[in-house]
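Enquirer: Structure provided below as structure tokens; questions to follow.
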Amino acid sequence: MDLEIGTWFIIGLIALVALITIWNYLSRRPKICPSWNQRGLIERSKTPTGDTAINEYGGGGFSGGQTSVRVVYDVTYKCKFCGDQVITRQTRE
Ligand SMILES: [Zn+2]
């Protein structure tokens with residue numbers, strides 16, 4: 001019986017890791033190229049703009065809430081098919 005619980009725990013853990021991996025992949029997958037409306041944009045470079053975005057959350061808790069500083073990047077995507085470039089501004093921790 002212990003073995004079964006352990007097996008299910010491992011399956012759950014693998015499922016969780018897979019979900020996180022898929023989530024990361026989905027949030028970073030190639031974007032749609034504006035020229036032909038298909039996925040083809042690949043992240044080529046990421047340049048910090050020098051700006052930061054401050055996220056405050058929590059607040060009112062006994063630690064007084066938390067603040068996270070996110071760096072703002074200009075991310076350049078290049079289409080692997082037609083060579084178009086798209087620059088988007090993103091914030092990341
Ligand atoms: Zn394209």
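By order in the structure tokens, chains are A, B, ...; within a chain, residues start at 1; ligands start at 1, following the order shown.
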For ligand 1, collect every residue having any atom at a distance of at most 9 Å from a ligand atom (counting only C-alpha atoms and all ligand atoms); output as a ChimeraX atom specification.
Expert: /A:32-41,78-85
Enquirer: Quote the spacing between atom CA of Thr67 of chain A and atom CA of Arg92 of chain A in Å to one decimal place.
Expert: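 Taking atom CA of Thr67 of chain A and atom CA of Arg92 of chain A, their separation equals 13.7 Å.
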Enquirer: At what distance in Å, to one decimal, does atom CA of Arg70 of chain A lie from atom CA of Ala18 of chain A?
Expert: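 Atom CA of Arg70 of chain A lies at a distance of 25.8 Å from atom CA of Ala18 of chain A.
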Enquirer: Neighbouring residues of Asp51 of chain A were defined as those with any atom within 10 Å, considering only C-alpha atoms; residues of the same chain fewer than 4 positions away were excluded. Please report them as a ChimeraX atom specification.
Expert: /A:70-73,91
Enquirer: Could you write out that same residue set with N, CA and C atoms as a tab-separated table (two decimals), in the first residue's frame?
Expert:
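Okay, this is what ended up in part_13.tsv:
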chain	number	residue	atom	x	y	z
A	70	ARG	N	10.54	44.33	-11.10
A	70	ARG	CA	10.67	43.62	-12.36
A	70	ARG	C	11.44	44.48	-13.34
A	71	VAL	N	12.31	43.84	-14.06
A	71	VAL	CA	13.10	44.56	-15.05
A	71	VAL	C	12.29	44.60	-16.36
A	72	VAL	N	12.31	45.76	-16.99
A	72	VAL	CA	11.58	45.91	-18.24
A	72	VAL	C	12.54	45.65	-19.41
A	73	TYR	N	12.14	44.76	-20.28
A	73	TYR	CA	12.97	44.41	-21.44
A	73	TYR	C	12.26	44.75	-22.74
A	91	THR	N	7.95	42.75	-19.04
A	91	THR	CA	8.55	42.87	-17.72
A	91	THR	C	8.76	41.49	-17.15
Enquirer: Give the strand (DSSP E or B) residues of chain A, as DSSP finds them on the backbone, and put them as a short mmCIF file (atom, residue, chain, number, x, y, z; two decimals) with C-alpha atoms, in the first residue's frame.
Expert:
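Listed below is the output, part_27.cif:
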data_model
loop_
_atom_site.label_atom_id
_atom_site.label_comp_id
_atom_site.auth_asym_id
_atom_site.auth_seq_id
_atom_site.Cartn_x
_atom_site.Cartn_y
_atom_site.Cartn_z
CA LYS A 31 4.34 34.49 -31.47
CA ILE A 32 2.24 35.07 -34.54
CA ARG A 39 3.47 31.26 -35.68
CA GLY A 40 7.04 31.86 -36.63
CA LEU A 41 8.46 34.54 -34.41
CA ILE A 42 11.48 33.37 -32.43
CA GLU A 43 12.97 35.32 -29.55
CA ARG A 44 16.29 36.70 -30.77
CA SER A 45 17.43 39.19 -28.20
CA LYS A 46 16.39 40.74 -24.95
CA THR A 47 17.62 44.18 -24.03
CA PRO A 48 16.94 45.78 -20.66
CA THR A 49 15.45 49.21 -21.20
CA GLY A 50 16.82 50.48 -17.91
CA ASP A 51 13.30 50.86 -16.56
CA THR A 52 11.92 48.85 -13.72
CA ALA A 53 8.34 48.08 -12.83
CA ILE A 54 7.57 47.65 -9.17
CA ASN A 55 4.92 45.17 -8.15
CA GLU A 56 3.43 45.50 -4.74
CA TYR A 57 1.30 42.77 -3.39
CA GLN A 66 6.05 42.33 -0.38
CA THR A 67 7.52 44.26 -3.22
CA SER A 68 9.08 42.72 -6.27
CA VAL A 69 11.03 44.71 -8.78
CA ARG A 70 10.67 43.62 -12.36
CA VAL A 71 13.10 44.56 -15.05
CA VAL A 72 11.58 45.91 -18.24
CA TYR A 73 12.97 44.41 -21.44
CA ASP A 74 12.56 45.13 -25.09
CA VAL A 75 12.33 41.66 -26.59
CA THR A 76 13.10 41.32 -30.26
CA TYR A 77 11.41 38.53 -32.19
CA LYS A 78 12.42 37.56 -35.68
CA CYS A 79 10.25 35.53 -37.99
CA GLN A 85 11.17 41.69 -36.74
CA VAL A 86 8.76 42.49 -33.96
CA ILE A 87 9.79 44.21 -30.75
CA THR A 88 7.65 43.87 -27.68
CA ARG A 89 8.13 45.32 -24.24
CA GLN A 90 7.99 42.80 -21.42
CA THR A 91 8.55 42.87 -17.72
CA ARG A 92 10.25 40.02 -15.96
#
Enquirer: Just asking: which residues within chain A are alpha helix (DSSP H) according to DSSP, as a list in words?
Expert: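 Matching residues, listed in order: Asp2, Leu3, Glu4, Ile5, Gly6, Thr7, Trp8, Phe9, Ile10, Ile11, Gly12, Leu13, Ile14, Ala15, Leu16, Val17, Ala18, Leu19, Ile20, Thr21, Ile22, Trp23, Asn24, Tyr25, Leu26, Ser27 and Arg28 of chain A.
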Enquirer: How would the residues just picked look written out with C-alpha atoms as a CSV table (one decimal), in the first residue's frame?
Expert:
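Generated file (part_18.csv):
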chain,number,residue,atom,x,y,z
A,2,ASP,CA,2.9,2.3,0.8
A,3,LEU,CA,4.2,1.6,-2.6
A,4,GLU,CA,0.9,2.7,-4.2
A,5,ILE,CA,0.8,6.0,-2.3
A,6,GLY,CA,4.4,6.6,-3.3
A,7,THR,CA,3.7,5.9,-6.9
A,8,TRP,CA,0.7,8.3,-7.0
A,9,PHE,CA,2.9,10.9,-5.3
A,10,ILE,CA,5.5,10.6,-8.0
A,11,ILE,CA,2.8,10.7,-10.7
A,12,GLY,CA,1.4,13.8,-9.2
A,13,LEU,CA,4.9,15.4,-9.0
A,14,ILE,CA,5.6,14.5,-12.6
A,15,ALA,CA,2.2,16.0,-13.6
A,16,LEU,CA,3.0,19.2,-11.7
A,17,VAL,CA,6.4,19.5,-13.3
A,18,ALA,CA,4.9,18.8,-16.7
A,19,LEU,CA,2.2,21.5,-16.2
A,20,ILE,CA,4.8,24.1,-15.2
A,21,THR,CA,7.0,23.2,-18.2
A,22,ILE,CA,4.0,23.4,-20.5
A,23,TRP,CA,3.0,26.7,-18.9
A,24,ASN,CA,6.5,28.1,-19.5
A,25,TYR,CA,6.5,26.8,-23.0
A,26,LEU,CA,3.1,28.3,-23.8
A,27,SER,CA,4.1,31.7,-22.4
A,28,ARG,CA,7.3,31.7,-24.3
